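Here's the structure we're looking at; comments come further down.
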Amino acid sequence: MDSFIIAALAVCSLTAPAYGDKGTSKARSCSDIRQFYSGKGFTLDGVPQSEISGEHLRICPQGYTCCTSDMEDTLAMLSRREMEGLLKDAGRSLQTSLNGQYKAFDGYFLELLNRSAISLQENFHQTFGLLYYENAQIFSELYTDLRNYYRGSNVNLEEVLNEFWARLLEKLFNQANKQYSISEDYLECVSKQIETLRPFGETPRMMKTMVTRTFVATRSFVQGLVVSGEVVRKVSQVQLSQECMRAMMTMTYCPHCRGMASARPCANYCSNVMKGCLANQADLNTEWRHLAETMMQVAGRFDGTSGVDSVVLSIPTRISEAMFTMMDNIEPINTKLFQACGNLREGGTSSTGADDIVKNGKVTVEDRLGTSTNKMEKLVSDVTMRLREMQPYWVSLPSVLCSDRVATGTGAEDKCWNGMSRARYFPEVMGDGLASQINNPEVEIDITKPDMTIRQQIMQLKIMTHRLKNALNGQDVDFQDTSDDVSGSGSGVCADDGCSRNPRLIFPVTQRPVNYPYLPENEKVKASANQNLPGIPIYLLSLLMLLLRR
């Protein structure tokens, strides 16, 4: 028994050093922590002038201490606020990057649309004159629908293009046959013949393919940036658990209570604390990487000869070519239409109007495609670099947050704070993610209870990735316009007032919800901080106190 008490006393000398960590038994002044505590803005009422016994402590090691229970609780809350503040700062930095990419790409694409619309207006005015002015609305409505589709409105792009060509056929047929009196019912019959007659040649089919692929891809891409920012924003606001708060307190401010204010955490110790605290966040990693990879694939198709610039800026030229194709073949087209819809009764003007269109020549887009392509190449290069950089974000958070707080230099491994004292930290570093924390010695985690907010964001990432993959195949994406609800929580990338005018998009969940297996109550496994080596001295100290009382 004597030998056991001697051994326990030796443990006491390791687990309860006096303030300043000098190893003497005399109670020392608490002036340093009083100054530190006051500097954090807390009142000094009840703060000890010198060390007191630490049996009251519930988080920090129960040796001699300068912290009361209230101080321990206050510093624990402070450690959580500071940690949550760091996570929000890191999230804001990533959101700023995503916001920059969103604004750059969104602004440039809208600029392309405007340039294309202005080019059509200027060139069609010169080429088609009165015909264009009398029917300018169908062209302006086409661009309006294209903009609305890109912005996320509930617009069916294929129907928009089909309607445009049908209306254009009616207008051109009417212009080419002004000597006849043509009723609205007859024009409706004319428009119904567009599929079988194909008056515009292959242009509508080719344009539908190119425009649909381009607009589906661009809309999905910018919304991928929106969703990414929204996920970061929501996850950054998730509150840390009580267990994480205890671990952060032990690592951050328990050294102050023990008189080791200068002690920095051991590197592996800090890693385990952070990996435990951010276990749920790390589970975003797989779907986050999938989304980034898919977005890079989509962005890779934006430049080149068949890229976004070429498709958008060539819209006026393709429409013009289609119009001239019809006018060049107006006689056989008229014959087939008369057969399908019936003969017309004369009653209009003497001129057919077709010759007036043909003689003016075809429209060519006067725009510097080279400049546009170079800018798009730079945008694609920049966004690809940013997406690649952000891929490891969620699993790199622990190392980033530990980088400026852990002990470094010669002999740091033996003089760092390991959660109990200045000594080497022996437990191994845990892996990433919730399931890997089953034996985390620093943070008590129930791995069967994932954070549901983060699980919802994982699902959002999956849904967005699915839509981007559809976009790669030219399949439309079923976004919904919720512009009446933009005053809600706000977009993940739209940080300024200007962004609030854009519709926020909702992604309906079409997949079956993921079911996370829950173990029976009697099989739940928790990783307890009391199961590792640094907890043993506490048990020995308690046993010694019981023996001394006897």
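By convention in this document, the chains of the structure tokens carry letters A, B, ... by their order, each chain's residues are numbered from 1, and ligands are numbered from 1 in the order they are shown.
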Item to check | All alpha helix (DSSP H) positions in range 165-335 of chain A, as a ChimeraX atom specification | outcome: /A:165-176,184-191,194-197,203-236,242-252,254-257,267-277,279-282,285-299,308-313,315-328,330-335
Show me, as a PDB file with N, CA, C and O atoms, in the first residue's frame, the residues that have an atom within 12 Å of Met390 in chain A when counting only C-alpha atoms, minus same-chain residues fewer than 4 positions from it.
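Saved to part-v2.pdb:
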ATOM      1  N   ALA A  90     -13.546  31.351 -42.181  1.00  0.00           N
ATOM      2  CA  ALA A  90     -13.072  30.489 -43.262  1.00  0.00           C
ATOM      3  C   ALA A  90     -14.150  30.317 -44.324  1.00  0.00           C
ATOM      4  O   ALA A  90     -13.869  30.347 -45.530  1.00  0.00           O
ATOM      5  N   GLY A  91     -15.412  30.150 -43.878  1.00  0.00           N
ATOM      6  CA  GLY A  91     -16.518  30.015 -44.812  1.00  0.00           C
ATOM      7  C   GLY A  91     -16.724  31.261 -45.644  1.00  0.00           C
ATOM      8  O   GLY A  91     -16.960  31.194 -46.849  1.00  0.00           O
ATOM      9  N   SER A  93     -14.499  33.423 -46.465  1.00  0.00           N
ATOM     10  CA  SER A  93     -13.413  33.517 -47.440  1.00  0.00           C
ATOM     11  C   SER A  93     -13.722  32.678 -48.673  1.00  0.00           C
ATOM     12  O   SER A  93     -13.530  33.136 -49.815  1.00  0.00           O
ATOM     13  N   LEU A  94     -14.225  31.463 -48.459  1.00  0.00           N
ATOM     14  CA  LEU A  94     -14.583  30.609 -49.596  1.00  0.00           C
ATOM     15  C   LEU A  94     -15.790  31.173 -50.335  1.00  0.00           C
ATOM     16  O   LEU A  94     -15.835  31.157 -51.573  1.00  0.00           O
ATOM     17  N   GLN A  95     -16.772  31.694 -49.593  1.00  0.00           N
ATOM     18  CA  GLN A  95     -17.932  32.311 -50.235  1.00  0.00           C
ATOM     19  C   GLN A  95     -17.524  33.489 -51.101  1.00  0.00           C
ATOM     20  O   GLN A  95     -18.062  33.690 -52.193  1.00  0.00           O
ATOM     21  N   SER A  97     -14.717  33.888 -52.651  1.00  0.00           N
ATOM     22  CA  SER A  97     -14.118  33.346 -53.865  1.00  0.00           C
ATOM     23  C   SER A  97     -15.188  32.861 -54.835  1.00  0.00           C
ATOM     24  O   SER A  97     -15.147  33.168 -56.030  1.00  0.00           O
ATOM     25  N   LEU A  98     -16.173  32.112 -54.323  1.00  0.00           N
ATOM     26  CA  LEU A  98     -17.256  31.623 -55.175  1.00  0.00           C
ATOM     27  C   LEU A  98     -18.085  32.777 -55.721  1.00  0.00           C
ATOM     28  O   LEU A  98     -18.516  32.759 -56.876  1.00  0.00           O
ATOM     29  N   LEU A 225     -22.365  27.234 -58.656  1.00  0.00           N
ATOM     30  CA  LEU A 225     -21.653  28.199 -57.822  1.00  0.00           C
ATOM     31  C   LEU A 225     -22.549  28.716 -56.694  1.00  0.00           C
ATOM     32  O   LEU A 225     -22.105  28.891 -55.554  1.00  0.00           O
ATOM     33  N   SER A 228     -22.988  25.891 -54.111  1.00  0.00           N
ATOM     34  CA  SER A 228     -21.743  25.720 -53.347  1.00  0.00           C
ATOM     35  C   SER A 228     -21.638  26.771 -52.249  1.00  0.00           C
ATOM     36  O   SER A 228     -21.325  26.456 -51.091  1.00  0.00           O
ATOM     37  N   GLY A 229     -21.887  28.020 -52.610  1.00  0.00           N
ATOM     38  CA  GLY A 229     -21.827  29.093 -51.622  1.00  0.00           C
ATOM     39  C   GLY A 229     -22.873  28.947 -50.544  1.00  0.00           C
ATOM     40  O   GLY A 229     -22.625  29.224 -49.364  1.00  0.00           O
ATOM     41  N   VAL A 232     -21.780  26.252 -48.078  1.00  0.00           N
ATOM     42  CA  VAL A 232     -20.746  26.780 -47.181  1.00  0.00           C
ATOM     43  C   VAL A 232     -21.377  27.671 -46.117  1.00  0.00           C
ATOM     44  O   VAL A 232     -21.044  27.581 -44.926  1.00  0.00           O
ATOM     45  N   ASN A 285     -17.056  15.979 -47.779  1.00  0.00           N
ATOM     46  CA  ASN A 285     -15.915  15.926 -48.686  1.00  0.00           C
ATOM     47  C   ASN A 285     -16.208  15.210 -49.999  1.00  0.00           C
ATOM     48  O   ASN A 285     -15.910  15.724 -51.081  1.00  0.00           O
ATOM     49  N   TRP A 288     -18.777  17.073 -52.140  1.00  0.00           N
ATOM     50  CA  TRP A 288     -18.192  18.378 -52.473  1.00  0.00           C
ATOM     51  C   TRP A 288     -17.189  18.224 -53.624  1.00  0.00           C
ATOM     52  O   TRP A 288     -17.174  19.023 -54.565  1.00  0.00           O
ATOM     53  N   ARG A 289     -16.359  17.193 -53.557  1.00  0.00           N
ATOM     54  CA  ARG A 289     -15.395  16.936 -54.627  1.00  0.00           C
ATOM     55  C   ARG A 289     -16.095  16.549 -55.921  1.00  0.00           C
ATOM     56  O   ARG A 289     -15.697  16.987 -57.006  1.00  0.00           O
ATOM     57  N   HIS A 290     -17.139  15.731 -55.806  1.00  0.00           N
ATOM     58  CA  HIS A 290     -17.878  15.344 -57.004  1.00  0.00           C
ATOM     59  C   HIS A 290     -18.468  16.571 -57.706  1.00  0.00           C
ATOM     60  O   HIS A 290     -18.424  16.677 -58.938  1.00  0.00           O
ATOM     61  N   LEU A 291     -19.040  17.472 -56.920  1.00  0.00           N
ATOM     62  CA  LEU A 291     -19.620  18.680 -57.501  1.00  0.00           C
ATOM     63  C   LEU A 291     -18.549  19.516 -58.193  1.00  0.00           C
ATOM     64  O   LEU A 291     -18.739  19.969 -59.331  1.00  0.00           O
ATOM     65  N   ALA A 292     -17.426  19.727 -57.525  1.00  0.00           N
ATOM     66  CA  ALA A 292     -16.351  20.533 -58.115  1.00  0.00           C
ATOM     67  C   ALA A 292     -15.837  19.902 -59.404  1.00  0.00           C
ATOM     68  O   ALA A 292     -15.601  20.595 -60.409  1.00  0.00           O
ATOM     69  N   GLU A 293     -15.660  18.596 -59.403  1.00  0.00           N
ATOM     70  CA  GLU A 293     -15.168  17.901 -60.598  1.00  0.00           C
ATOM     71  C   GLU A 293     -16.156  18.031 -61.761  1.00  0.00           C
ATOM     72  O   GLU A 293     -15.754  18.275 -62.903  1.00  0.00           O
ATOM     73  N   MET A 296     -16.101  21.505 -63.193  1.00  0.00           N
ATOM     74  CA  MET A 296     -14.929  21.709 -64.053  1.00  0.00           C
ATOM     75  C   MET A 296     -15.145  21.080 -65.427  1.00  0.00           C
ATOM     76  O   MET A 296     -14.714  21.628 -66.443  1.00  0.00           O
ATOM     77  N   VAL A 383     -11.835  29.852 -63.020  1.00  0.00           N
ATOM     78  CA  VAL A 383     -12.814  29.102 -62.242  1.00  0.00           C
ATOM     79  C   VAL A 383     -12.350  27.667 -62.025  1.00  0.00           C
ATOM     80  O   VAL A 383     -12.584  27.075 -60.964  1.00  0.00           O
ATOM     81  N   THR A 384     -11.649  27.106 -63.007  1.00  0.00           N
ATOM     82  CA  THR A 384     -11.122  25.752 -62.843  1.00  0.00           C
ATOM     83  C   THR A 384     -10.086  25.717 -61.727  1.00  0.00           C
ATOM     84  O   THR A 384     -10.076  24.786 -60.899  1.00  0.00           O
ATOM     85  N   MET A 385      -9.242  26.725 -61.688  1.00  0.00           N
ATOM     86  CA  MET A 385      -8.233  26.791 -60.634  1.00  0.00           C
ATOM     87  C   MET A 385      -8.886  26.913 -59.267  1.00  0.00           C
ATOM     88  O   MET A 385      -8.498  26.223 -58.315  1.00  0.00           O
ATOM     89  N   ARG A 386      -9.906  27.770 -59.151  1.00  0.00           N
ATOM     90  CA  ARG A 386     -10.592  27.964 -57.870  1.00  0.00           C
ATOM     91  C   ARG A 386     -11.314  26.697 -57.443  1.00  0.00           C
ATOM     92  O   ARG A 386     -11.296  26.329 -56.262  1.00  0.00           O
ATOM     93  N   TRP A 394     -13.183  20.812 -46.900  1.00  0.00           N
ATOM     94  CA  TRP A 394     -13.791  20.316 -45.659  1.00  0.00           C
ATOM     95  C   TRP A 394     -12.856  19.428 -44.852  1.00  0.00           C
ATOM     96  O   TRP A 394     -12.901  19.441 -43.618  1.00  0.00           O
ATOM     97  N   VAL A 395     -12.011  18.662 -45.515  1.00  0.00           N
ATOM     98  CA  VAL A 395     -11.104  17.794 -44.765  1.00  0.00           C
ATOM     99  C   VAL A 395      -9.806  18.507 -44.396  1.00  0.00           C
ATOM    100  O   VAL A 395      -9.019  17.991 -43.597  1.00  0.00           O
ATOM    101  N   SER A 396      -9.579  19.680 -44.985  1.00  0.00           N
ATOM    102  CA  SER A 396      -8.364  20.428 -44.653  1.00  0.00           C
ATOM    103  C   SER A 396      -8.580  21.416 -43.509  1.00  0.00           C
ATOM    104  O   SER A 396      -7.625  21.994 -42.998  1.00  0.00           O
ATOM    105  N   LEU A 397      -9.845  21.609 -43.101  1.00  0.00           N
ATOM    106  CA  LEU A 397     -10.134  22.562 -42.031  1.00  0.00           C
ATOM    107  C   LEU A 397      -9.358  22.267 -40.745  1.00  0.00           C
ATOM    108  O   LEU A 397      -8.802  23.190 -40.138  1.00  0.00           O
TER     109      LEU A 397
END
Contacts between range 242-252 of chain A and range 45-68 of chain A, please, where a residue of range 45-68 of chain A counts if it comes within 12 Å (with only C-alpha atoms); show its shortest atom pair and distance in Å to one decimal, rows by chain and ascending number, as JSON lines.
{"residue": "A:Leu57", "atom": "CA", "partner": "A:Thr250", "partner_atom": "CA", "distance": 11.2}
{"residue": "A:Arg58", "atom": "CA", "partner": "A:Arg246", "partner_atom": "CA", "distance": 9.2}
{"residue": "A:Ile59", "atom": "CA", "partner": "A:Arg246", "partner_atom": "CA", "distance": 6.2}
{"residue": "A:Cys60", "atom": "CA", "partner": "A:Thr250", "partner_atom": "CA", "distance": 5.7}
{"residue": "A:Pro61", "atom": "CA", "partner": "A:Thr250", "partner_atom": "CA", "distance": 8.4}
{"residue": "A:Gln62", "atom": "CA", "partner": "A:Thr250", "partner_atom": "CA", "distance": 11.7}
Item to check | Selection near His256 in chain A, 7 Å with only C-alpha atoms, sequence-local residues under 4 positions removed, as number ranges by chain | outcome: A: 33, 260-261
Selection above as a file: all heavy atoms, as an mmCIF file, in the first residue's frame:
data_model
loop_
_atom_site.group_PDB
_atom_site.id
_atom_site.type_symbol
_atom_site.label_atom_id
_atom_site.label_comp_id
_atom_site.auth_asym_id
_atom_site.auth_seq_id
_atom_site.Cartn_x
_atom_site.Cartn_y
_atom_site.Cartn_z
ATOM 1 N N ILE A 33 -3.469 35.182 -15.007
ATOM 2 C CA ILE A 33 -4.773 34.828 -15.564
ATOM 3 C C ILE A 33 -5.813 35.904 -15.246
ATOM 4 O O ILE A 33 -6.755 36.115 -16.020
ATOM 5 C CB ILE A 33 -5.254 33.455 -15.061
ATOM 6 C CG1 ILE A 33 -6.411 32.977 -15.957
ATOM 7 C CG2 ILE A 33 -5.668 33.494 -13.605
ATOM 8 C CD1 ILE A 33 -6.809 31.549 -15.748
ATOM 9 N N MET A 260 -0.097 27.589 -17.278
ATOM 10 C CA MET A 260 0.761 27.299 -18.431
ATOM 11 C C MET A 260 0.264 28.099 -19.637
ATOM 12 O O MET A 260 0.030 27.550 -20.712
ATOM 13 C CB MET A 260 0.734 25.806 -18.759
ATOM 14 C CG MET A 260 1.079 24.896 -17.606
ATOM 15 S SD MET A 260 0.939 23.162 -18.089
ATOM 16 C CE MET A 260 1.003 22.380 -16.474
ATOM 17 N N ALA A 261 0.136 29.370 -19.433
ATOM 18 C CA ALA A 261 -0.447 30.210 -20.481
ATOM 19 C C ALA A 261 0.332 30.154 -21.775
ATOM 20 O O ALA A 261 -0.224 30.328 -22.864
ATOM 21 C CB ALA A 261 -0.547 31.650 -19.990
#
Checklist entry - Which of these residues is nearest to Leu161 in chain A, using only C-alpha atoms: A:Gly54, A:Gly307, A:Pro450, A:Pro204? => result A:Pro204
Find the spatial neighbours of Met71 in chain A, counting only C-alpha atoms, within a cut-off of 8 Å - ignore same-chain residues fewer than 4 positions away - and output them as a PDB file with all heavy atoms, in the first residue's frame.
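Generated output (result.pdb):
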ATOM      1  N   VAL A  47     -12.659  35.969  -9.042  1.00  0.00           N
ATOM      2  CA  VAL A  47     -11.442  35.368  -9.602  1.00  0.00           C
ATOM      3  C   VAL A  47     -10.402  35.273  -8.483  1.00  0.00           C
ATOM      4  O   VAL A  47     -10.103  36.271  -7.819  1.00  0.00           O
ATOM      5  CB  VAL A  47     -10.901  36.208 -10.772  1.00  0.00           C
ATOM      6  CG1 VAL A  47      -9.597  35.601 -11.298  1.00  0.00           C
ATOM      7  CG2 VAL A  47     -11.946  36.288 -11.886  1.00  0.00           C
ATOM      8  N   CYS A  67      -8.801  28.886 -11.737  1.00  0.00           N
ATOM      9  CA  CYS A  67     -10.120  29.029 -12.345  1.00  0.00           C
ATOM     10  C   CYS A  67     -11.204  28.490 -11.423  1.00  0.00           C
ATOM     11  O   CYS A  67     -11.095  27.365 -10.915  1.00  0.00           O
ATOM     12  CB  CYS A  67     -10.181  28.284 -13.677  1.00  0.00           C
ATOM     13  SG  CYS A  67      -9.228  29.051 -15.004  1.00  0.00           S
ATOM     14  N   LEU A  75     -15.047  30.520 -19.911  1.00  0.00           N
ATOM     15  CA  LEU A  75     -13.984  30.289 -20.887  1.00  0.00           C
ATOM     16  C   LEU A  75     -14.363  29.188 -21.868  1.00  0.00           C
ATOM     17  O   LEU A  75     -13.953  29.225 -23.039  1.00  0.00           O
ATOM     18  CB  LEU A  75     -12.680  29.938 -20.168  1.00  0.00           C
ATOM     19  CG  LEU A  75     -12.039  31.084 -19.391  1.00  0.00           C
ATOM     20  CD1 LEU A  75     -10.837  30.596 -18.597  1.00  0.00           C
ATOM     21  CD2 LEU A  75     -11.622  32.218 -20.330  1.00  0.00           C
TER      22      LEU A  75
END
Checklist entry - If we count only C-alpha atoms, what is near Phe302 in chain A at a cut-off of 8 Å, once residues fewer than 5 positions away on the same chain are taken out, given as a list in words? => result Thr214, Gly307, Val308, Asp309, Met376 and Val380 of chain A
Checklist entry - At what distance in Å, to one decimal, does CA of Ser236 in chain A lie from CA of Lys88 in chain A? => result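 Going from CA of Lys88 in chain A over to CA of Ser236 in chain A, I get 5.2 Å.
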Next on the checklist: Just to confirm, what's the straight-line distance from CA of Leu337 in chain A to CA of Ala166 in chain A in Å (one decimal)?
Outcome noted: 13.8 Å
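Among the candidates A:Thr286, A:Thr68, A:Leu86, A:Cys254, the one nearest to Glu55 in chain A when counting only C-alpha atoms is A:Thr68.
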Next on the checklist: Taking only C-alpha atoms into account, name the residue in A:Gln101, A:Ser38, A:Ser119, A:Asn418 that is nearest to Cys270 in chain A.
Outcome noted: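 Closest residue, counting only C-alpha atoms: A:Asn418.
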